[in-house]
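Only one structure is covered here, and it is reproduced in the block below.
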Amino acid sequence: MPNATTLSVRPFASPPLHLPQGVRRTPFYFESQGQDCFAWLHVPEHALPSGHGVIICPPIDHEQIHAHRSLRHLADALAKANFSVVRFDYYGTGDSSGSDEDPDRVTTWLTNIRDARLWLTEQFGCPRISMIGLRLGATFAAQAAADCDVDSLLLWAPVVKGRSYVREMKALSLTVAGNSLPSAEKSQDIEAAGFVLSEKTVQELSCLDLLQSRTRCRRALIITRDDIPTDTNLVQHFKALGIETRQTAQSGYADMMTDPLDSKVPWEVIAHAVDWFLAAPVIEEIEANGRCQSDGFAPTSRLTPAIRPALIPHTPTVGYTFLSQQRIRERVLPISQQPNLFGIVSELPDVALDHLPFIVMLNTGSSYRVGPHRLYVSLARQFATRGFRCLRMDLCGLGDSVTPYIERENDPYPATAFRDIDRTLEHLRTQFGIQRVVLMGLCSGAYAAFQAAAQLSTPVLVESVLINPMTFHWSEDMSTTWKDAPALRIQSFQDRVAAVWQPWKWLKLLSGRSTLGISGAVKMLVDRWELRKPPVRKASPLCGEATVNGSPSHPLEKDLPGDLKRIVKAGRHLACFFARSDPGYDLLHFYAGREVKELRAAGKMSMYFLDDANHTFISRASRRALGQAIGEHLDRRYSRSTE
C-alpha cells in the first residue's frame, strides 16, 4: 500500500456512463440528544467492510441541498473501496427532525457528529473512524475531533472563521428579492437563500475559529478551492498540534455548489479523497514504528483488530419530530428496486384517518425530496398534523432514487417520471390499501403532477396540486434554463400585448421614440405564432423504455385544453397555487383560458394566488402562507369526507 508521501491520484475527470454497482445503501435514524437524525449507511455489497468507518459531515442550509448528490457519490466511492460510510443530516436539517429556528443549533450539530461516530463504532463495529467535512461541515468535524477519537480528517473548503461565514450569509440575504423578514419579525436573524439563521445561531457560529481549535487526529488533508487565494494558516495550526497535514487546491467546488439543476459532481476530488484514505498507513505499520498518539488521544492499539461484520446491523427506520405540540412520525419507504425509488412518509402515529387521501410530493427541479429551502419537509409535517399522510419521494435519477446510468441523473423532467409515479401509486394501493392519492409538486413537480392526472389510468389518483408550474408540456428539445421557460415567454408576450392598448405607447411608436419600433411590433406577431404552433417533437431514447410496461412518457402533442378535459373525464380535481408575480397563470390562461374559466365555474378546478412570494417561496413568510393555503384547501375538500 502506498504511503502518504507517494500518493498518486487516478485520472477520473469524467465518470463512466454506466456507474458500477457494488454498494449497499441502508437508510436509518439514530438518536442524538433525544432527537432523531436521518442517515444513510454505505457499505460494499459483495465484500466485507475493512473495519475503517468514515463519517461525512455535510454543510448546512442551501449548501447542503446543492451538495447532496456529490456527497452521495463520495459515499459510494468510499464504500466501493471497502470503507463503511455514514452520511447524515444534522438535527433541524434535511430529513432529520427539528427546524432551522430551534435553539442551540451549533452545540447540537457537534453532538450529532459525535453520536454518528458512536453509532458507527458500537452498532456497526468499526474500531477505526475518520471524518470528511464540507464547508461548515468541515468546521464542525474539526471541532468534534477535539473530543473524540478520529484517525484521519479530510476538510473540504473548510470555514476557518465562523465570522466570515456569517458575513457571507448576511451579504447573500441582501441579494435576493423578497428575502427580507416581515417588519414584525425584524431581529438579528439572517434569512439567506431560503433558510433562517436565528440570532442565537449567528452568535454561536461567530464564535467558531479553527485556528483556536484543539483538533486531534493522526493525519489531515485540507482540500481548498482553486478559484480563490489559498490560505496556509490552518495547515500551520494543525502541524503545530502534531497532526500530519497536507493541503491541496482542487477544481470543481463552484460547479458542485451551484443550483442542483446545473450542479456537476467533482469526480477528481472524489478520486483524490478515496486515494488519500487508501494511502493511510495500516495500523500494524504504525505500531511497529512506535508511533502512538499522546496528550490524551486514544492509543492505536485500541484500533485493532479490525471487526468485519458480515451483516448490516438492525437499524431503526422510523424517526419522530414535534410540530405544534404534536408528535409526527417519519419512516423510510423503499418503494421499488427496479427502478430504485425511495421516499419518506410523515404521519401522525396511532391515528386512523383512512378517509383522508395520501399526499405524494414530487421533486422540484433537480432538488432532492426535501424540496427547495426544505419546503417539502415543512409542508409534509404541517399536513401530517391535519391528519394527511404525506410521502416526499425521489423520482429515479434524483436524490436517493439511484440510477446506475450517470447520463440519466439530475434530469428535472425525466421521461420515466410517469412510470415512477404509476409504480408508487400502485405500491401504496397494494401494500397499504391506499384508495385515494393527491399528487403535489412545485415547478417541474407541478408538470409531473399535471400530466400524471391527464395520462395515468390508476383509479387511486383523485387530485393534483400544482404549485407555480412553468410548463404543462415538455419535450426533449426544450431548455431547462429559467429564462427560456415557456411561462416566462408567455408573460413577456402578455406584457407587450398589454402595452399595445396604451395610446401613449402608439404615439411613441409612430413618432419613432419607442424602444419597441416597427420591427419589434412585427416580432410580437411572430412570437405569437411561435408560441401557438405545435413543438417539433424530438424523440427521447427513454420514451420506449418508459412505455414498455404500459406507463406513458411525455405527451407527443401540446394540447392543454385536451389535457384538462382528460383530467376532468377521469374524475380528478386540479388545484393551482400561484405566487402573484409568477408567470404560470399567464401560461395557463394563454393556452386554455376558456376551459379554465368553465372548470372553475363548475368546481372542477381551484385557483389560489399568494402575494409577496417568488417562484420557490424563498421567504419564511411566503412558505408559511403557502402551507396555510394548501392546508385549508385540503381541509375543505377532504376533512369532512367519510368515504
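Just remember, in the C-alpha cells the first chain shown is A, the second B, etc., residues are 1-based per chain, and ligands are 1-based in the order shown.
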
Neighbour list for Gly365 in chain A as a list in words, cut-off 9 Å, only C-alpha atoms, skip fewer than 6 positions in-chain =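 The residues that qualify are Pro260, Leu261, Gly371, Pro372, Asn410, Asp411, Pro412, Tyr413, Leu442, Cys443, Ser444, Gly445 and Thr480 of chain A.
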
What does the file look like for those residues with C-alpha atoms, as a PDB file, in the first residue's frame?
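This went into out23.pdb:
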```pdb
ATOM      1  CA  PRO A 260     -28.919  21.405  -8.206  1.00  0.00           C
ATOM      2  CA  LEU A 261     -30.219  21.658 -11.777  1.00  0.00           C
ATOM      3  CA  GLY A 371     -37.529  20.474  -1.762  1.00  0.00           C
ATOM      4  CA  PRO A 372     -36.144  23.983  -2.217  1.00  0.00           C
ATOM      5  CA  ASN A 410     -30.296  15.038 -12.334  1.00  0.00           C
ATOM      6  CA  ASP A 411     -32.930  15.393 -15.071  1.00  0.00           C
ATOM      7  CA  PRO A 412     -35.800  17.583 -13.764  1.00  0.00           C
ATOM      8  CA  TYR A 413     -38.146  16.244 -16.465  1.00  0.00           C
ATOM      9  CA  LEU A 442     -43.647  22.719  -7.455  1.00  0.00           C
ATOM     10  CA  CYS A 443     -42.335  23.795 -10.891  1.00  0.00           C
ATOM     11  CA  SER A 444     -41.263  20.598 -12.705  1.00  0.00           C
ATOM     12  CA  GLY A 445     -43.042  18.645  -9.965  1.00  0.00           C
ATOM     13  CA  THR A 480     -34.331  23.797 -18.642  1.00  0.00           C
TER      14      THR A 480
END
```

With DSSP run on the backbone, what are the alpha helix (DSSP H) residues within range 241-485 of chain A? I'd like them as an mmCIF file with C-alpha atoms, in the first residue's frame.
```
data_model
loop_
_atom_site.group_PDB
_atom_site.id
_atom_site.type_symbol
_atom_site.label_atom_id
_atom_site.label_comp_id
_atom_site.auth_asym_id
_atom_site.auth_seq_id
_atom_site.Cartn_x
_atom_site.Cartn_y
_atom_site.Cartn_z
ATOM 1 C CA TYR A 253 -16.202 23.258 -5.962
ATOM 2 C CA ALA A 254 -18.094 26.091 -7.684
ATOM 3 C CA ASP A 255 -19.762 23.738 -10.177
ATOM 4 C CA MET A 256 -20.828 21.443 -7.346
ATOM 5 C CA TRP A 267 -15.139 13.415 -9.771
ATOM 6 C CA GLU A 268 -11.464 14.379 -9.470
ATOM 7 C CA VAL A 269 -11.912 15.486 -5.860
ATOM 8 C CA ILE A 270 -13.767 12.260 -5.051
ATOM 9 C CA ALA A 271 -10.979 10.164 -6.590
ATOM 10 C CA HIS A 272 -8.363 12.206 -4.698
ATOM 11 C CA ALA A 273 -10.227 11.694 -1.406
ATOM 12 C CA VAL A 274 -10.535 7.923 -1.899
ATOM 13 C CA ASP A 275 -6.856 7.585 -2.803
ATOM 14 C CA TRP A 276 -5.841 9.589 0.246
ATOM 15 C CA PHE A 277 -7.817 7.318 2.564
ATOM 16 C CA LEU A 278 -6.444 4.216 0.865
ATOM 17 C CA ILE A 283 -2.319 0.041 11.938
ATOM 18 C CA GLU A 284 0.354 -2.637 12.256
ATOM 19 C CA GLU A 285 2.850 -0.404 10.462
ATOM 20 C CA ILE A 286 2.173 2.453 12.871
ATOM 21 C CA GLU A 287 2.627 0.235 15.909
ATOM 22 C CA ALA A 288 5.873 -1.215 14.531
ATOM 23 C CA LEU A 375 -40.082 23.362 1.774
ATOM 24 C CA TYR A 376 -41.416 19.821 1.326
ATOM 25 C CA VAL A 377 -40.292 18.755 4.799
ATOM 26 C CA SER A 378 -42.159 21.685 6.323
ATOM 27 C CA LEU A 379 -45.296 21.111 4.230
ATOM 28 C CA ALA A 380 -45.366 17.345 4.846
ATOM 29 C CA ARG A 381 -45.156 17.822 8.596
ATOM 30 C CA GLN A 382 -47.796 20.572 8.581
ATOM 31 C CA PHE A 383 -50.210 18.397 6.591
ATOM 32 C CA ALA A 384 -49.480 15.452 8.897
ATOM 33 C CA THR A 385 -50.767 17.497 11.844
ATOM 34 C CA ALA A 417 -41.318 10.102 -14.276
ATOM 35 C CA PHE A 418 -44.800 8.751 -15.033
ATOM 36 C CA ARG A 419 -43.589 5.164 -14.796
ATOM 37 C CA ASP A 420 -42.205 6.021 -11.360
ATOM 38 C CA ILE A 421 -45.399 7.778 -10.245
ATOM 39 C CA ASP A 422 -47.550 4.901 -11.508
ATOM 40 C CA ARG A 423 -45.453 2.342 -9.606
ATOM 41 C CA THR A 424 -45.535 4.443 -6.456
ATOM 42 C CA LEU A 425 -49.331 4.757 -6.509
ATOM 43 C CA GLU A 426 -49.668 1.034 -7.158
ATOM 44 C CA HIS A 427 -47.280 0.299 -4.272
ATOM 45 C CA LEU A 428 -49.367 2.452 -1.932
ATOM 46 C CA ARG A 429 -52.556 0.728 -3.102
ATOM 47 C CA THR A 430 -51.359 -2.869 -2.854
ATOM 48 C CA GLN A 431 -49.077 -2.629 0.182
ATOM 49 C CA PHE A 432 -51.011 -0.171 2.354
ATOM 50 C CA SER A 444 -41.263 20.598 -12.705
ATOM 51 C CA GLY A 445 -43.042 18.645 -9.965
ATOM 52 C CA ALA A 446 -46.228 20.517 -10.885
ATOM 53 C CA TYR A 447 -45.757 19.495 -14.525
ATOM 54 C CA ALA A 448 -45.346 15.832 -13.495
ATOM 55 C CA ALA A 449 -48.435 16.016 -11.259
ATOM 56 C CA PHE A 450 -50.467 17.618 -14.053
ATOM 57 C CA GLN A 451 -49.509 15.178 -16.801
ATOM 58 C CA ALA A 452 -49.903 12.214 -14.429
ATOM 59 C CA ALA A 453 -53.505 13.334 -13.851
ATOM 60 C CA ALA A 454 -54.010 13.596 -17.619
ATOM 61 C CA GLN A 455 -52.361 10.297 -18.587
#
```

With only C-alpha atoms as the basis for distance, which of A:Val370, A:Ala171, A:Leu234, A:Ala240 is at the shortest distance from Gly94 in chain A?
-> A:Val370

Which residues are near Val332 in chain A? Cut-off 7 Å, only C-alpha atoms, ignore same chain within fewer than 3 positions. Put them as a PDB file with C-alpha atoms, in the first residue's frame.
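For reference, around-v9.pdb as written:
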```pdb
ATOM      1  CA  THR A 317     -36.278   3.101  10.040  1.00  0.00           C
ATOM      2  CA  VAL A 318     -38.647   5.350  11.995  1.00  0.00           C
ATOM      3  CA  GLY A 343     -39.190   8.252  -0.134  1.00  0.00           C
ATOM      4  CA  ILE A 344     -40.055   9.264   3.422  1.00  0.00           C
ATOM      5  CA  VAL A 345     -43.550   9.268   4.934  1.00  0.00           C
TER       6      VAL A 345
END
```

Nearest to Val160 in chain A by atom-to-atom distance, counting only C-alpha atoms, from A:Asp189, A:Glu122, A:Asp231, A:Asp100 |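 Among the listed residues, the smallest separation from Val160 in chain A belongs to A:Asp231.
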
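Residue nearest His373 in chain A within the list A:Pro58, A:Pro349, A:Pro44, A:Gly194: A:Gly194 [criterion: smallest interatomic distance, only C-alpha atoms].
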
Those of range 358-475 of chain A in DSSP strand (DSSP E or B), formatted as a list in words =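 Output for range 358-475 of chain A, strand (DSSP E or B) only: Phe358, Ile359, Val360, Met361, Leu362, Cys390, Leu391, Arg392, Met393, Asp394, Tyr405, Val437, Val438, Leu439, Met440, Gly441, Leu442, Leu461, Val462, Glu463, Ser464, Val465, Leu466 and Ile467 of chain A.
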
Output N, CA and C atoms for every residue in the selection just made, as a compact mmCIF listing (two decimals), in the first residue's frame.
```
# COMPACT_ATOMS: atom_id res chain seq x y z
N PHE A 358 -53.93 10.19 0.63
CA PHE A 358 -52.49 10.15 0.84
C PHE A 358 -51.87 11.18 -0.11
N ILE A 359 -50.96 12.00 0.39
CA ILE A 359 -50.34 13.05 -0.44
C ILE A 359 -48.95 12.59 -0.85
N VAL A 360 -48.65 12.68 -2.15
CA VAL A 360 -47.34 12.33 -2.69
C VAL A 360 -46.71 13.57 -3.30
N MET A 361 -45.53 13.96 -2.79
CA MET A 361 -44.83 15.15 -3.25
C MET A 361 -43.73 14.76 -4.23
N LEU A 362 -43.69 15.46 -5.37
CA LEU A 362 -42.75 15.14 -6.46
C LEU A 362 -41.64 16.18 -6.52
N CYS A 390 -48.20 11.89 4.27
CA CYS A 390 -47.50 12.53 3.15
C CYS A 390 -46.22 11.76 2.83
N LEU A 391 -46.01 11.54 1.55
CA LEU A 391 -44.78 10.91 1.06
C LEU A 391 -44.02 11.91 0.21
N ARG A 392 -42.83 12.26 0.62
CA ARG A 392 -41.95 13.04 -0.25
C ARG A 392 -40.97 12.05 -0.89
N MET A 393 -41.06 11.91 -2.20
CA MET A 393 -40.33 10.86 -2.90
C MET A 393 -39.34 11.46 -3.89
N ASP A 394 -38.36 10.65 -4.25
CA ASP A 394 -37.41 10.99 -5.31
C ASP A 394 -37.75 10.17 -6.54
N TYR A 405 -27.18 4.68 -14.39
CA TYR A 405 -26.75 5.37 -15.61
C TYR A 405 -26.55 6.85 -15.33
N VAL A 437 -55.21 9.21 -3.63
CA VAL A 437 -53.91 9.89 -3.58
C VAL A 437 -54.03 11.26 -4.21
N VAL A 438 -53.39 12.24 -3.60
CA VAL A 438 -53.24 13.59 -4.15
C VAL A 438 -51.78 13.78 -4.51
N LEU A 439 -51.49 14.09 -5.78
CA LEU A 439 -50.14 14.41 -6.20
C LEU A 439 -49.90 15.90 -6.01
N MET A 440 -48.68 16.26 -5.60
CA MET A 440 -48.35 17.66 -5.35
C MET A 440 -46.93 17.92 -5.83
N GLY A 441 -46.73 19.07 -6.47
CA GLY A 441 -45.38 19.40 -6.91
C GLY A 441 -45.24 20.86 -7.24
N LEU A 442 -44.01 21.34 -7.13
CA LEU A 442 -43.65 22.72 -7.46
C LEU A 442 -42.81 22.72 -8.73
N LEU A 461 -55.70 7.97 -8.05
CA LEU A 461 -55.33 9.39 -8.19
C LEU A 461 -56.60 10.23 -8.31
N VAL A 462 -56.82 11.11 -7.31
CA VAL A 462 -58.06 11.90 -7.29
C VAL A 462 -57.82 13.38 -7.49
N GLU A 463 -56.60 13.86 -7.30
CA GLU A 463 -56.36 15.30 -7.43
C GLU A 463 -54.87 15.55 -7.64
N SER A 464 -54.56 16.63 -8.37
CA SER A 464 -53.19 17.11 -8.48
C SER A 464 -53.14 18.55 -8.02
N VAL A 465 -52.20 18.85 -7.14
CA VAL A 465 -51.99 20.20 -6.62
C VAL A 465 -50.74 20.75 -7.31
N LEU A 466 -50.91 21.80 -8.09
CA LEU A 466 -49.83 22.38 -8.89
C LEU A 466 -49.38 23.69 -8.25
N ILE A 467 -48.09 23.78 -7.95
CA ILE A 467 -47.53 24.99 -7.34
C ILE A 467 -46.58 25.62 -8.34
```
